[in-house]
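Trainee: One structure coming up, written as structure tokens, with questions to follow.
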Amino acid sequence: MVAITGSVAAGKSVFAGELAADMAAWPEHPSVEIVCTDGFLMDNAALEALGLSQRKGFPESYDNAAMRAALAAIRQGPARFPAYSHVTYDIDPALARSLEPPDILIVEGLGLQIDHGPLVDALIYLDADEANLEAWFTERLIGLWAAAEHDPTSFYARFRHLDEAGARAFARTVWERINLPNLRDHILAARALADIVIRKGPGHAIEAIGGRWAAEK
């Protein structure tokens, strides 16, 4: 079981997909599955009831017991993993999956800044300067905002009254008020726990590889 974490917009999902493709091409041709911790976020209704709507992605917004139970169960047999839609910005029951135990399970997302002990065999942290992370987050949000022009079901359709400058200003507010504090106060704690730390520069280029495994070698 390989866990991948790092800031919002660090490129966790893309990295997980590339890593899975590389692993599946090994001579042994192992079975590889990817699950995202976003599926273990509480849904929007529950977050609102708890006053946590502006804390999505923070540790308290996850059902950590359910996540740990699913990770433990998949080692023994089939397990069900809920899923999250970045388009609707909420848990989507239609996207949930029941998985048989694969040879390799990649778990990517937030909520991995605590020591999950025997549940995770390796932890990879994607690291980058805050300025790059903010730029990547902004471009992702602008892409979702642009796509919502023709998708009234998108969460971002409610922001289509903004022009692009307004959308970018909104992205900066979200970054400064939510994502950056979460990074500094919680997510960064995973870097010290990581077996591998991958340092990324502009354009997501890999600049350096460190972490506990690198130090041991």
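Lettering and numbering for the structure tokens are positional, with chains as A, B, ... in the shown order, residues counted from 1 in each chain, and ligands counted from 1 in the shown order.
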List the spatial neighbours of segment 70-72 of chain A as an NGL selection string - criterion: any atom at most 8 Å away, only C-alpha atoms, same-chain residues fewer than 4 positions off excluded.
Mentor: :A and (66 or 76 or 79-81 or 119)
Trainee: Next, dump the selected residues to file, keeping only N, CA and C atoms, as a short mmCIF file (atom, residue, chain, number, x, y, z; two decimals), in the first residue's frame.
Mentor:
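selection11.cif, written as the output of this step:
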```cif
data_model
loop_
_atom_site.label_atom_id
_atom_site.label_comp_id
_atom_site.auth_asym_id
_atom_site.auth_seq_id
_atom_site.Cartn_x
_atom_site.Cartn_y
_atom_site.Cartn_z
N ALA A 66 -13.63 5.60 9.11
CA ALA A 66 -14.06 4.87 7.91
C ALA A 66 -12.88 4.64 6.97
N GLN A 76 -7.56 -7.79 3.60
CA GLN A 76 -8.15 -9.09 3.93
C GLN A 76 -9.13 -9.60 2.87
N ALA A 79 -13.36 -4.54 -0.35
CA ALA A 79 -13.68 -3.35 0.45
C ALA A 79 -14.32 -2.32 -0.45
N ARG A 80 -15.16 -1.50 0.12
CA ARG A 80 -15.87 -0.48 -0.64
C ARG A 80 -15.26 0.89 -0.33
N PHE A 81 -15.01 1.64 -1.40
CA PHE A 81 -14.40 2.96 -1.27
C PHE A 81 -15.34 4.02 -1.84
N LEU A 119 -0.91 0.31 8.32
CA LEU A 119 -1.88 0.42 7.23
C LEU A 119 -1.21 0.84 5.92
#
```
Trainee: Could you write out, as a ChimeraX atom specification, all the residues of segment 169-203 of chain A that DSSP marks as alpha helix (DSSP H)?
Mentor: /A:169-174,180-182,189-193
Trainee: With N, CA and C atoms retained, write the just-selected residues as an mmCIF file, in the first residue's frame.
Mentor:
```cif
data_model
loop_
_atom_site.group_PDB
_atom_site.id
_atom_site.type_symbol
_atom_site.label_atom_id
_atom_site.label_comp_id
_atom_site.auth_asym_id
_atom_site.auth_seq_id
_atom_site.Cartn_x
_atom_site.Cartn_y
_atom_site.Cartn_z
ATOM 1 N N ALA A 169 -9.287 36.223 -8.562
ATOM 2 C CA ALA A 169 -9.291 36.842 -7.240
ATOM 3 C C ALA A 169 -9.962 35.914 -6.224
ATOM 4 N N PHE A 170 -11.029 35.236 -6.665
ATOM 5 C CA PHE A 170 -11.702 34.265 -5.796
ATOM 6 C C PHE A 170 -10.755 33.120 -5.450
ATOM 7 N N ALA A 171 -10.009 32.641 -6.445
ATOM 8 C CA ALA A 171 -9.050 31.560 -6.209
ATOM 9 C C ALA A 171 -8.013 31.982 -5.174
ATOM 10 N N ARG A 172 -7.552 33.212 -5.268
ATOM 11 C CA ARG A 172 -6.550 33.698 -4.313
ATOM 12 C C ARG A 172 -7.128 33.737 -2.893
ATOM 13 N N THR A 173 -8.376 34.142 -2.775
ATOM 14 C CA THR A 173 -9.018 34.180 -1.462
ATOM 15 C C THR A 173 -9.123 32.781 -0.873
ATOM 16 N N VAL A 174 -9.557 31.812 -1.694
ATOM 17 C CA VAL A 174 -9.673 30.427 -1.214
ATOM 18 C C VAL A 174 -8.309 29.899 -0.795
ATOM 19 N N LEU A 180 -3.873 27.398 2.124
ATOM 20 C CA LEU A 180 -2.559 27.705 2.685
ATOM 21 C C LEU A 180 -2.499 27.425 4.188
ATOM 22 N N PRO A 181 -3.500 27.850 4.990
ATOM 23 C CA PRO A 181 -3.456 27.482 6.409
ATOM 24 C C PRO A 181 -3.473 25.966 6.630
ATOM 25 N N ASN A 182 -4.244 25.247 5.813
ATOM 26 C CA ASN A 182 -4.279 23.796 5.948
ATOM 27 C C ASN A 182 -2.911 23.197 5.644
ATOM 28 N N ALA A 189 2.928 18.313 7.993
ATOM 29 C CA ALA A 189 3.374 17.340 8.994
ATOM 30 C C ALA A 189 3.716 16.005 8.352
ATOM 31 N N ALA A 190 3.091 15.705 7.197
ATOM 32 C CA ALA A 190 3.354 14.433 6.521
ATOM 33 C C ALA A 190 4.746 14.389 5.912
ATOM 34 N N ARG A 191 5.335 15.554 5.638
ATOM 35 C CA ARG A 191 6.651 15.566 5.002
ATOM 36 C C ARG A 191 7.704 14.898 5.897
ATOM 37 N N ALA A 192 7.606 15.144 7.194
ATOM 38 C CA ALA A 192 8.572 14.543 8.124
ATOM 39 C C ALA A 192 8.365 13.035 8.271
ATOM 40 N N LEU A 193 7.158 12.563 7.990
ATOM 41 C CA LEU A 193 6.857 11.138 8.094
ATOM 42 C C LEU A 193 7.170 10.389 6.816
#
```
Trainee: Need the shell around Ala3 of chain A: protein/DNA/RNA residues with any atom at most 8 Å away, counting only C-alpha atoms. Skip same-chain ones fewer than 5 positions apart. Format as a list in words?
Mentor: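 Near neighbours after the sequence-gap exclusion: Ile106, Val107, Glu108, Leu112, Val120, Asp121, Ala122, Leu123 and Ile124 of chain A.
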Trainee: Please write the residues from the selection above to a file, keeping C-alpha atoms, as an mmCIF file, in the first residue's frame.
Mentor:
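Output saved as selection_1.cif:
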```cif
data_model
loop_
_atom_site.group_PDB
_atom_site.id
_atom_site.type_symbol
_atom_site.label_atom_id
_atom_site.label_comp_id
_atom_site.auth_asym_id
_atom_site.auth_seq_id
_atom_site.Cartn_x
_atom_site.Cartn_y
_atom_site.Cartn_z
ATOM 1 C CA ILE A 106 -2.159 3.560 -4.234
ATOM 2 C CA VAL A 107 -3.938 5.905 -1.821
ATOM 3 C CA GLU A 108 -3.690 9.560 -2.783
ATOM 4 C CA LEU A 112 -2.502 11.386 5.516
ATOM 5 C CA VAL A 120 0.561 2.087 4.817
ATOM 6 C CA ASP A 121 3.774 0.495 3.563
ATOM 7 C CA ALA A 122 5.254 3.634 1.990
ATOM 8 C CA LEU A 123 4.387 7.329 2.135
ATOM 9 C CA ILE A 124 5.357 9.708 -0.685
#
```
Trainee: Of the candidates A:Ala24, A:Leu141, A:Ala208, A:Val35, which one gets nearest to Asp103 of chain A if we count only C-alpha atoms?
Mentor: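 Selected residue with least distance to Asp103 of chain A: A:Ala24.
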Trainee: Closest to Ser154 of chain A among A:Leu41, A:Val87, A:Ile104, A:Ile198, using only C-alpha atoms?
Mentor: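 Result for the nearest residue to Ser154 of chain A: A:Val87.
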Trainee: Could you list, as a ChimeraX atom specification, every residue within 12 Å of Ala45 of chain A, counting only C-alpha atoms and ignoring same-chain residues fewer than 4 positions away?
Mentor: /A:41,49-53,56,61,89-91
Trainee: Next, dump the selected residues to file, keeping only C-alpha atoms, as a PDB file, in the first residue's frame.
Mentor:
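To be explicit, this is the file written out as part_12.pdb:
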```pdb
ATOM      1  CA  LEU A  41     -14.632  13.554   3.357  1.00  0.00           C
ATOM      2  CA  ALA A  49     -24.380  20.909  10.001  1.00  0.00           C
ATOM      3  CA  LEU A  50     -21.079  20.803  11.882  1.00  0.00           C
ATOM      4  CA  GLY A  51     -20.054  24.304  10.823  1.00  0.00           C
ATOM      5  CA  LEU A  52     -17.132  22.924   8.802  1.00  0.00           C
ATOM      6  CA  SER A  53     -18.055  24.078   5.298  1.00  0.00           C
ATOM      7  CA  LYS A  56     -13.105  21.003   3.840  1.00  0.00           C
ATOM      8  CA  SER A  61     -13.594  17.150   7.772  1.00  0.00           C
ATOM      9  CA  TYR A  89     -17.804  19.497  -5.007  1.00  0.00           C
ATOM     10  CA  ASP A  90     -19.424  16.729  -2.942  1.00  0.00           C
ATOM     11  CA  ILE A  91     -19.457  12.995  -2.287  1.00  0.00           C
TER      12      ILE A  91
END
```
Trainee: Counting only C-alpha atoms, which residue out of A:Ser85, A:Gln54, A:Asn64, A:Asn132 sits closest to Thr153 of chain A?
Mentor: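 Closest to Thr153 of chain A, using only C-alpha atoms: A:Ser85.
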Trainee: Using the chain letters and numbers from this document, which residues of chain A does DSSP assign to strand (DSSP E or B), as number ranges by chain?
Mentor: A: 2-6, 32-36, 41, 62, 79-81, 84-85, 90-91, 97-99, 104-108, 122-128, 196-200, 206-210
Trainee: Store the residues picked out above, limited to C-alpha atoms, as an mmCIF file, in the first residue's frame.
Mentor:
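Final file, result.cif:
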```
data_model
loop_
_atom_site.group_PDB
_atom_site.id
_atom_site.type_symbol
_atom_site.label_atom_id
_atom_site.label_comp_id
_atom_site.auth_asym_id
_atom_site.auth_seq_id
_atom_site.Cartn_x
_atom_site.Cartn_y
_atom_site.Cartn_z
ATOM 1 C CA VAL A 2 1.561 3.251 -1.194
ATOM 2 C CA ALA A 3 0.210 6.593 0.037
ATOM 3 C CA ILE A 4 0.767 9.870 -1.822
ATOM 4 C CA THR A 5 0.103 13.208 -0.184
ATOM 5 C CA GLY A 6 1.046 16.870 -0.379
ATOM 6 C CA VAL A 32 -2.728 -1.823 -9.309
ATOM 7 C CA GLU A 33 -5.667 0.228 -8.062
ATOM 8 C CA ILE A 34 -5.911 3.882 -7.043
ATOM 9 C CA VAL A 35 -8.258 5.292 -4.419
ATOM 10 C CA CYS A 36 -8.556 8.886 -3.247
ATOM 11 C CA LEU A 41 -14.632 13.554 3.357
ATOM 12 C CA TYR A 62 -12.705 13.476 7.171
ATOM 13 C CA ALA A 79 -13.675 -3.350 0.451
ATOM 14 C CA ARG A 80 -15.866 -0.480 -0.645
ATOM 15 C CA PHE A 81 -14.404 2.960 -1.268
ATOM 16 C CA TYR A 84 -15.833 12.498 -4.425
ATOM 17 C CA SER A 85 -16.690 14.634 -7.455
ATOM 18 C CA ASP A 90 -19.424 16.729 -2.942
ATOM 19 C CA ILE A 91 -19.457 12.995 -2.287
ATOM 20 C CA ARG A 97 -16.283 1.360 -5.977
ATOM 21 C CA SER A 98 -16.046 -2.114 -4.465
ATOM 22 C CA LEU A 99 -12.502 -3.420 -4.902
ATOM 23 C CA ILE A 104 -0.627 -2.707 -5.087
ATOM 24 C CA LEU A 105 -3.040 -0.105 -3.760
ATOM 25 C CA ILE A 106 -2.159 3.560 -4.234
ATOM 26 C CA VAL A 107 -3.938 5.905 -1.821
ATOM 27 C CA GLU A 108 -3.690 9.560 -2.783
ATOM 28 C CA ALA A 122 5.254 3.634 1.990
ATOM 29 C CA LEU A 123 4.387 7.329 2.135
ATOM 30 C CA ILE A 124 5.357 9.708 -0.685
ATOM 31 C CA TYR A 125 5.148 13.460 -0.140
ATOM 32 C CA LEU A 126 5.000 15.863 -3.092
ATOM 33 C CA ASP A 127 6.721 19.080 -2.059
ATOM 34 C CA ALA A 128 6.855 22.485 -3.797
ATOM 35 C CA ILE A 196 10.123 9.578 -0.083
ATOM 36 C CA VAL A 197 9.889 13.352 -0.586
ATOM 37 C CA ILE A 198 9.679 14.480 -4.199
ATOM 38 C CA ARG A 199 10.544 18.136 -4.686
ATOM 39 C CA LYS A 200 8.799 19.763 -7.637
ATOM 40 C CA ILE A 206 11.010 16.972 -10.397
ATOM 41 C CA GLU A 207 13.997 18.783 -8.905
ATOM 42 C CA ALA A 208 15.074 16.477 -6.085
ATOM 43 C CA ILE A 209 14.172 13.300 -4.218
ATOM 44 C CA GLY A 210 14.686 12.946 -0.487
#
```
Trainee: Which is closest to Ala148 of chain A among A:Gly111, A:Gly11, A:Pro82, A:His161, if we use only C-alpha atoms?
Mentor: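 So, comparing all the options, the nearest one is A:His161.
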Trainee: What gap, in Å, lies between atom CA of Gly211 of chain A and atom CA of Ala194 of chain A?
Mentor: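 That distance, rounded to one decimal, is 5.9 Å.
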Trainee: Between A:Phe159, A:Leu144, A:Met67, A:Asp129, which has the minimum distance to Leu188 of chain A (counting only C-alpha atoms)?
Mentor: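 Smallest distance to Leu188 of chain A is found for A:Asp129.
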Trainee: Restricting the calculation to only C-alpha atoms, which member of A:Pro59, A:Asp43, A:Leu110, A:Tyr156 is positioned closest to Ser13 of chain A?
Mentor: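 Of A:Pro59, A:Asp43, A:Leu110, A:Tyr156, the one nearest Ser13 of chain A, counting only C-alpha atoms, is A:Leu110.
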Trainee: What is the atom CA of Gly109 of chain A-atom CA of Val8 of chain A distance in Å, reported with one decimal?
Mentor: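 For atom CA of Gly109 of chain A relative to atom CA of Val8 of chain A, the distance reads 8.3 Å.
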